[in-house]
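Asks: Handing you a structure now.
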Amino acid sequence: MRNIKGKRAFACALAAVVLMGVYGWIQNSVLFPRFAEFFPIGREIDTAARALLYIGVAVLASKRPALLDAKTVAAVSAVATASSTALLYAAVVLQSTAMATAGILFFELGHIWAVVFYGLAICLLPTSRHTALAAAFGIAASDLVEQLIGILPLEAGLAAMAALPLAALALSWAPASGFMTRMQHASSPSDLEISHPRAFLKPTNALFACILVFSIASGYALTFNEVGNAPNISPVEWAVLLAVAVTIALVRKPGGEDALFSFSVLLVIAGFLAAPFTFEGDAATANALLRIGRNCFDILLWMTVAAIGKQNPFALMIALGLANAARALGTIVGAVAGHAVNDMMPLGGQEAQAITACALFVFVAFLWLGFRGFSFEQTINAVETPRVPTCEEKREESFDEKCTAIGKAHGLTERETEIFLCMAHGRNVGFIQEHFVISRNTVKTHVKRIYKKLDVHSQQELIDLAESGEADRSRRETAQ
């Protein structure tokens, strides 16, 4: 039964990736080309609004998780998406920038929750390998569907833009709603003690900057050499991504994550190098190389965020919000650079070549300075790799057994014994509430009862009791 549920969860996550990938293509090929006629900065405003909303998601998950009610969120997503569709259609027909801005804001308000739901569904799969396979095959399949459907009429495109995110949300409902319920019934986390990768939650960390840099390449590919104000797509992209997905499925040797990162880096570098050779035509070679490199990196991104969720569930939604915000900001920068190159090409191309060369230099310099010693394999697999306990860890297990005996002798409940163990190891209230996903007041109530039963008045006295090994004496006193 568990195996059946696992396959169903994988299939739903895979389908959600396909739906959201196709949604993104339709938005860029149907809506934004119409906006370009009267609202040329519409794409950038849309992406900026998306970045701000994702930051809001991260703040909510960090500070006010009680507000994250799955049913309320889903209802907001459905209403905002449906109402925005009419606004966007009217904006295009009437060529109204005010209506276009309002439609963008409403649509993104609904869209980001669909992304959060399907992101949770991917990251909550059993292992990082499942996450990688769902992302890889989903991205390849969505690229193939894009080739098959082509450019849709405005009405059909807007209808699909409304339906696809909501369908992805529905497919992701079971795992995502369960996760959000857990978050909702816990107080906001104050201590995100993540052993690995610890610094991923810091917005200044190099990994978030890496997301930003790869997204700049993606944004550049989105607008460079546009065809009718729509992205220039190569028909071979899906085939390359399918080959990557099959390789991930078949090859299980250590180091595959780092090899995929190197492959994505080389593709992006090749894309920037190829760009000047396509200034005089509409060849999609550079665009394809940049997009494939970004998509390969996205697979690693999903695996890394999933690894964070396995370390600390509270960190998962925060990481999703910040990662997507970094992607949106990078896309804005890259799209503006792509537009600038397009505008400068008729003037001789030297300025366009300079912009492309600067983008390539920033990309290579950042990776060289910030990621020479970084290993995605260690970051992602550290959660799941079994280790032989060291002598120190064995001594710790013995200490835990001693604490368990003390708890039993003093009549602690099972949960009180677990909290007693955490306190004996020096953990604070913030860590305990996150570890057991309970509120701060509940932790304090347990602590008060533990102190009373052990006849101690502070955590230091509790630690002294645990280290003194008084289990036997405690049993004798209880018996007397």
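Residue names in the structure tokens use chain letters A, B, ... in the order shown, residue numbers from 1 in each chain, and ligand numbers from 1 in the order shown.
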Quick one: everything within 12 Å of Ala58 of chain A, counting only C-alpha atoms, minus sequence neighbours fewer than 3 positions away in the same chain. Send it as an MDAnalysis selection string.
Replies: chainID A and resid 51:55 61:65 68 112:113 116 188 201:203 314:326
Asks: Quick one: everything within 12 Å of Glu467 of chain A, counting only C-alpha atoms, minus sequence neighbours fewer than 6 positions away in the same chain. Send it as a list in words.
Replies: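 Those residues are Arg395, Glu396, Ser398, Phe399, Asp400, Glu401, Lys402, Cys403, Ile406, Leu421, Met423, Ala424, His425, Gly426, Gln460 and Glu461 of chain A.
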Asks: Tell me, as an mmCIF file with N, CA, C and O atoms, in the first residue's frame, which residues lie within 8 Å of Leu360 of chain A, counting only C-alpha atoms; anything in the same chain fewer than 4 positions away does not count.
Replies:
```cif
data_model
loop_
_atom_site.group_PDB
_atom_site.id
_atom_site.type_symbol
_atom_site.label_atom_id
_atom_site.label_comp_id
_atom_site.auth_asym_id
_atom_site.auth_seq_id
_atom_site.Cartn_x
_atom_site.Cartn_y
_atom_site.Cartn_z
ATOM 1 N N ILE A 269 27.903 28.773 -20.314
ATOM 2 C CA ILE A 269 29.072 29.439 -20.899
ATOM 3 C C ILE A 269 29.023 29.331 -22.428
ATOM 4 O O ILE A 269 29.258 30.316 -23.148
ATOM 5 N N PHE A 272 26.449 31.823 -23.886
ATOM 6 C CA PHE A 272 26.923 33.206 -23.988
ATOM 7 C C PHE A 272 27.958 33.354 -25.098
ATOM 8 O O PHE A 272 27.983 34.372 -25.801
ATOM 9 N N LEU A 273 28.815 32.350 -25.264
ATOM 10 C CA LEU A 273 29.820 32.418 -26.329
ATOM 11 C C LEU A 273 29.176 32.354 -27.716
ATOM 12 O O LEU A 273 29.665 32.975 -28.675
ATOM 13 N N THR A 356 27.026 41.070 -23.729
ATOM 14 C CA THR A 356 27.119 39.615 -23.642
ATOM 15 C C THR A 356 28.421 39.188 -22.981
ATOM 16 O O THR A 356 28.433 38.266 -22.148
ATOM 17 N N VAL A 364 31.189 33.524 -15.004
ATOM 18 C CA VAL A 364 32.381 32.709 -14.757
ATOM 19 C C VAL A 364 33.102 33.158 -13.493
ATOM 20 O O VAL A 364 33.530 32.335 -12.674
#
```
Asks: Find the residues near Phe179 of chain A: any atom within 10 Å, counting only C-alpha atoms, skip ones fewer than 4 places away on the same chain, and give them as a ChimeraX atom specification.
Replies: /A:70,117,120-121,124,173-175,183-184,313-314,316-317
Asks: Can you spit out the residues from that selection as a CSV table (one decimal), in the first residue's frame, using C-alpha atoms?
Replies:
```csv
chain,number,residue,atom,x,y,z
A,70,ALA,CA,-4.2,25.2,3.0
A,117,PHE,CA,2.0,23.6,-3.6
A,120,LEU,CA,6.1,21.1,-1.7
A,121,ALA,CA,4.8,18.0,-3.6
A,124,LEU,CA,8.2,15.9,-0.1
A,173,TRP,CA,-3.1,19.1,-2.7
A,174,ALA,CA,-2.6,15.9,-0.6
A,175,PRO,CA,1.1,16.3,0.4
A,183,MET,CA,3.2,24.3,10.0
A,184,GLN,CA,-0.1,26.0,10.9
A,313,PRO,CA,10.4,20.9,7.8
A,314,PHE,CA,10.0,24.5,8.8
A,316,LEU,CA,11.4,23.9,3.4
A,317,MET,CA,8.8,26.6,2.7
```
Asks: List the spatial neighbours of segment 157-162 of chain A as an MDAnalysis selection string - criterion: any atom at most 8 Å away, only C-alpha atoms, same-chain residues fewer than 3 positions off excluded.
Replies: chainID A and resid 23 26:27 30:31 81:82 85 89 152:154 165:166
Asks: Which polymer residues have any atom within 6 Å of an atom of segment 235-242 of chain A, counting only C-alpha atoms, with same-chain residues fewer than 4 positions away left out, as a VMD selection string?
Replies: chain A and resid 140 143 to 144
Asks: Just write the chosen residues, N, CA, C and O atoms, as a short mmCIF file (atom, residue, chain, number, x, y, z; two decimals), in the first residue's frame.
Replies:
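Result went into part.cif, see below:
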```cif
data_model
loop_
_atom_site.label_atom_id
_atom_site.label_comp_id
_atom_site.auth_asym_id
_atom_site.auth_seq_id
_atom_site.Cartn_x
_atom_site.Cartn_y
_atom_site.Cartn_z
N ALA A 140 11.51 17.96 -19.20
CA ALA A 140 11.64 17.47 -20.58
C ALA A 140 10.28 17.32 -21.24
O ALA A 140 10.07 17.71 -22.40
N ASP A 143 8.72 20.69 -22.17
CA ASP A 143 9.33 21.26 -23.37
C ASP A 143 8.79 20.59 -24.63
O ASP A 143 8.57 21.24 -25.66
N LEU A 144 8.56 19.29 -24.56
CA LEU A 144 7.99 18.58 -25.71
C LEU A 144 6.56 19.05 -25.99
O LEU A 144 6.18 19.29 -27.14
#
```
Asks: Excluding same-chain residues fewer than 6 positions from Lys7 of chain A, what lies within 12 Å of it counting only C-alpha atoms, as a PyMOL selection string?
Replies: chain A and resi 1+13-14+125-126+130+134
Asks: Write out, as an mmCIF file, in the first residue's frame, the residues just selected, with N, CA, C and O atoms.
Replies:
```
data_model
loop_
_atom_site.group_PDB
_atom_site.id
_atom_site.type_symbol
_atom_site.label_atom_id
_atom_site.label_comp_id
_atom_site.auth_asym_id
_atom_site.auth_seq_id
_atom_site.Cartn_x
_atom_site.Cartn_y
_atom_site.Cartn_z
ATOM 1 N N MET A 1 0.831 -1.204 0.000
ATOM 2 C CA MET A 1 0.000 0.000 0.000
ATOM 3 C C MET A 1 0.867 1.256 0.000
ATOM 4 O O MET A 1 0.615 2.209 -0.726
ATOM 5 N N ALA A 13 3.363 14.611 -8.723
ATOM 6 C CA ALA A 13 4.419 15.629 -8.746
ATOM 7 C C ALA A 13 4.945 15.823 -10.164
ATOM 8 O O ALA A 13 5.165 16.955 -10.617
ATOM 9 N N LEU A 14 5.160 14.730 -10.879
ATOM 10 C CA LEU A 14 5.642 14.793 -12.259
ATOM 11 C C LEU A 14 4.650 15.548 -13.141
ATOM 12 O O LEU A 14 5.035 16.430 -13.933
ATOM 13 N N LEU A 125 8.754 14.226 -1.790
ATOM 14 C CA LEU A 125 8.936 12.860 -2.273
ATOM 15 C C LEU A 125 9.965 12.144 -1.398
ATOM 16 O O LEU A 125 10.797 12.797 -0.760
ATOM 17 N N PRO A 126 9.958 10.815 -1.357
ATOM 18 C CA PRO A 126 10.753 10.080 -0.365
ATOM 19 C C PRO A 126 12.245 10.399 -0.354
ATOM 20 O O PRO A 126 12.843 10.495 0.710
ATOM 21 N N HIS A 130 14.099 10.704 -6.153
ATOM 22 C CA HIS A 130 12.727 10.843 -6.647
ATOM 23 C C HIS A 130 12.461 12.289 -7.079
ATOM 24 O O HIS A 130 11.827 12.540 -8.110
ATOM 25 N N ALA A 134 11.461 13.403 -10.921
ATOM 26 C CA ALA A 134 10.215 14.131 -11.194
ATOM 27 C C ALA A 134 10.507 15.447 -11.895
ATOM 28 O O ALA A 134 9.824 15.822 -12.871
#
```
Asks: Please, what distance in Å, to one decimal, runs between atom CA of Ile216 of chain A and atom CA of Ile332 of chain A?
Replies: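 We find that atom CA of Ile216 of chain A and atom CA of Ile332 of chain A lie 7.3 Å from each other.
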Asks: So, counting only C-alpha atoms, which residue among A:Thr97, A:Thr131, A:Ser172, A:Ser177 is closest to Cys12 of chain A?
Replies: A:Ser172
Asks: By how many Å are atom CA of Ile419 of chain A and atom CA of Ile432 of chain A apart?
Replies: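 So the two atoms, atom CA of Ile419 of chain A and atom CA of Ile432 of chain A, lie 7.0 Å apart.
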